[in-house]
Structures are given as C-alpha cells and as structure tokens.
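Listing of start_4.txt; format and content: compact mmCIF, C-alpha atoms.
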# COMPACT_ATOMS: atom_id res chain seq x y z
CA MET P 98 117.49 26.39 55.01
CA GLY P 99 119.72 25.24 52.15
CA ILE P 100 120.04 21.92 50.41
CA TYR P 101 123.53 21.46 51.86
CA ALA P 102 124.88 22.79 55.16
CA GLY P 103 128.64 22.88 55.08
CA ALA P 104 131.25 20.52 53.72
CA VAL P 105 133.92 18.10 54.93
CA LEU P 106 137.34 17.53 53.38
CA SER P 107 137.96 13.78 53.25
CA SER P 108 141.33 12.12 53.78
CA ASN P 109 141.67 11.51 50.01
CA GLY P 110 141.05 15.18 49.18
CA ASP P 111 137.40 14.91 48.10
CA VAL P 112 135.03 17.56 49.43
CA HIS P 113 131.69 16.11 50.60
CA PHE P 114 128.73 18.46 51.02
CA VAL P 115 126.66 17.89 54.17
CA PRO P 116 123.05 17.00 53.23
CA SER P 117 120.56 19.25 54.98
CA ALA P 118 117.54 18.97 52.68
CA ALA P 119 119.21 17.07 49.83
CA ALA P 120 117.93 13.83 48.35
CA VAL P 121 121.44 12.84 47.21
CA GLY P 122 124.98 13.24 48.47
CA GLN P 123 127.38 15.36 46.45
CA LYS P 124 131.15 15.57 46.33
CA ILE P 125 133.92 17.25 44.37
CA ASN P 126 137.14 15.30 43.78
CA THR P 127 140.65 16.73 43.57
CA ARG P 128 140.32 17.15 39.78
CA GLY P 129 137.19 19.28 40.21
CA THR P 130 134.74 16.63 39.01
CA VAL P 131 131.36 16.83 40.75
CA ARG P 132 129.52 13.58 41.45
CA THR P 133 126.37 12.59 43.31
CA TYR P 134 125.77 9.44 45.33
CA SER P 135 122.86 7.79 47.12
CA LEU P 136 122.20 8.53 50.77
CA VAL P 137 120.67 5.98 53.12
CA TYR P 138 118.69 8.60 55.07
CA THR P 139 117.16 11.70 53.50
CA ASN P 140 115.01 14.39 55.06
CA THR P 141 113.82 17.63 53.49
CA SER P 142 113.84 19.66 56.69
CA GLY P 143 117.42 20.10 57.83
CA ALA P 144 118.57 16.55 58.47
CA TYR P 145 122.24 17.33 59.13
CA GLN P 146 124.04 20.58 59.94
CA GLY P 147 127.78 20.09 59.54
CA GLY P 148 130.11 17.14 59.55
CA VAL P 149 133.44 15.90 60.83
CA LEU P 150 136.27 13.72 59.60
CA ALA P 151 137.02 10.92 62.09
CA PRO P 152 140.61 9.70 62.66
CA ASN P 153 139.81 6.48 60.73
CA GLY P 154 138.79 8.47 57.62
CA ASP P 155 135.02 8.17 58.08
CA ILE P 156 132.91 11.30 57.57
CA HIS P 157 130.07 11.69 60.08
CA PHE P 158 127.23 14.12 59.43
CA ILE P 159 126.04 16.04 62.50
CA PRO P 160 122.31 15.38 63.12
CA TYR P 161 119.92 18.31 63.38
CA THR P 162 116.45 16.88 62.63
CA ALA P 163 117.74 13.44 61.60
CA THR P 164 116.75 10.54 63.82
CA VAL P 165 119.75 8.43 62.77
CA GLY P 166 123.44 9.08 62.32
CA GLN P 167 124.85 8.85 58.81
CA LYS P 168 128.43 8.37 57.72
CA ILE P 169 130.58 7.74 54.68
CA ASN P 170 133.45 5.36 55.34
CA SER P 171 136.89 5.82 53.81
CA SER P 172 135.91 3.45 50.97
CA GLY P 173 132.89 5.61 50.08
CA VAL P 174 130.19 3.36 51.53
CA VAL P 175 127.27 5.32 53.04
CA SER P 176 125.54 3.86 56.10
CA THR P 177 123.38 4.87 59.04
CA TYR P 178 123.57 4.04 62.72
CA SER P 179 121.35 4.43 65.78
CA LEU P 180 121.73 7.48 67.98
CA LEU P 181 121.41 7.22 71.75
CA TYR P 182 119.67 10.58 72.04
CA THR P 183 117.51 12.46 69.56
CA LEU P 184 115.26 15.47 69.86
CA THR P 185 112.87 16.54 67.15
CA SER P 186 112.99 20.28 66.51
CA THR P 187 109.84 22.16 65.62

As structure tokens, how would this structure be written, given the file I've shared?
Amino acid sequence: MGIYAGAVLSSNGDVHFVPSAAAVGQKINTRGTVRTYSLVYTNTSGAYQGGVLAPNGDIHFIPYTATVGQKINSSGVVSTYSLLYTLTST
C-alpha cells in the first residue's frame, strides 16, 4: 500500500494527492510548486482510497479504513465529518 492512493484535480487547478498512509496532505499547484498541509485525520494503514470533487468545489477523500470522512473545502480548509456507516477491514 502506498503513501498516497490517487489524486483529485481541484476547481482551481491544484492536484491534491489522496492520503492513504500519509501523515500530511500534499498538492501541486498550476505552477508546479509542491506543498504539504496538515490533515485532521491520519492513519498509516490505508485511510483513504481515492477522492472526488464535489459540485461546490470541496474535495472528499473516499474512506477505506478511515472511521471519519475528510474533505478539503474550496478555500483549502481541511475538516472531518462523521460517517453513517463504517466497516473496519482486516
């Protein structure tokens, strides 16, 4: 399992890597500059596997072993939210 599992193109052109076993978020802007940012939820065993861009510009990471949802809003603020259903993989 890799540190990142896929990427999402944001509405402003930044590419956000999906954190699978990463302790920090990572993105590349349209000029090619790579930056890291803090995540609210981290897990070293495949937390998220993929992501989607919502119509409002938020990026949602798709939970795999994560017990909470995590998103980046269009302003770049990272937050978590409760999931209605979770299943821990072994």

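Across P:Thr130, P:Ser176, P:Val137, P:Gln146, the tightest approach to Pro116 of chain P is made by P:Gln146 when counting only C-alpha atoms.
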
* Mind checking which residues fall within 8 Å of Gln167 of chain P, counting all atoms listed in the file, ignoring those fewer than 3 positions away in the same chain, and posting them as a PyMOL selection string? => chain P and resi 137-138+157-158+175-178

* Extract, using all atoms listed in the file, all DNA, RNA and protein residues at most 12 Å from Ser108 of chain P, discarding same-chain residues fewer than 5 positions from it, and format them as a PyMOL selection string. => chain P and resi 113+126-127+149-156+169-173

* **Å distance separating atom CA of Ser107 of chain P from atom CA of Val121 of chain P, one decimal place** => 17.6 Å

* Gln123 of chain P surroundings by all atoms listed in the file, 10 Å radius, close-in-sequence under 6 positions cut, as JSON, numbers by chain -> {"P": [101, 104, 112, 113, 114, 115, 116, 131, 132, 133, 134, 135, 136]}

Could you turn the residues from that selection into a file that holds C-alpha atoms, as a PDB file, in the coordinates of the input?
ATOM      1  CA  TYR P 101     123.530  21.460  51.860  1.00  0.00           C
ATOM      2  CA  ALA P 104     131.250  20.520  53.720  1.00  0.00           C
ATOM      3  CA  VAL P 112     135.030  17.560  49.430  1.00  0.00           C
ATOM      4  CA  HIS P 113     131.690  16.110  50.600  1.00  0.00           C
ATOM      5  CA  PHE P 114     128.730  18.460  51.020  1.00  0.00           C
ATOM      6  CA  VAL P 115     126.660  17.890  54.170  1.00  0.00           C
ATOM      7  CA  PRO P 116     123.050  17.000  53.230  1.00  0.00           C
ATOM      8  CA  VAL P 131     131.360  16.830  40.750  1.00  0.00           C
ATOM      9  CA  ARG P 132     129.520  13.580  41.450  1.00  0.00           C
ATOM     10  CA  THR P 133     126.370  12.590  43.310  1.00  0.00           C
ATOM     11  CA  TYR P 134     125.770   9.440  45.330  1.00  0.00           C
ATOM     12  CA  SER P 135     122.860   7.790  47.120  1.00  0.00           C
ATOM     13  CA  LEU P 136     122.200   8.530  50.770  1.00  0.00           C
TER      14      LEU P 136
END

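For the atom pair formed by atom CA of Ala119 of chain P and atom CA of Ala102 of chain P, the distance is 9.7 Å, given to one decimal.
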
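Here atom CA of Leu106 of chain P and atom CA of Gly166 of chain P stand 18.6 Å from one another.
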
* Find the residues around Ser142 of chain P up to 10 Å (only C-alpha atoms counted), leave out those fewer than 3 positions away in its own chain, and share them as JSON, numbers by chain. => {"P": [98, 99, 100, 117, 118, 119, 139, 145, 161, 162, 163, 186]}

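For the set P:Val174, P:Val165, P:Pro160, P:Gly129, the residue with the smallest atom-to-atom gap to Gly148 of chain P is P:Pro160, counting only C-alpha atoms.
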
* Find the residue from P:Val105, P:Ile159, P:Leu181, P:Ala144 that sits nearest to Ile125 of chain P; use only C-alpha atoms when measuring. => P:Val105
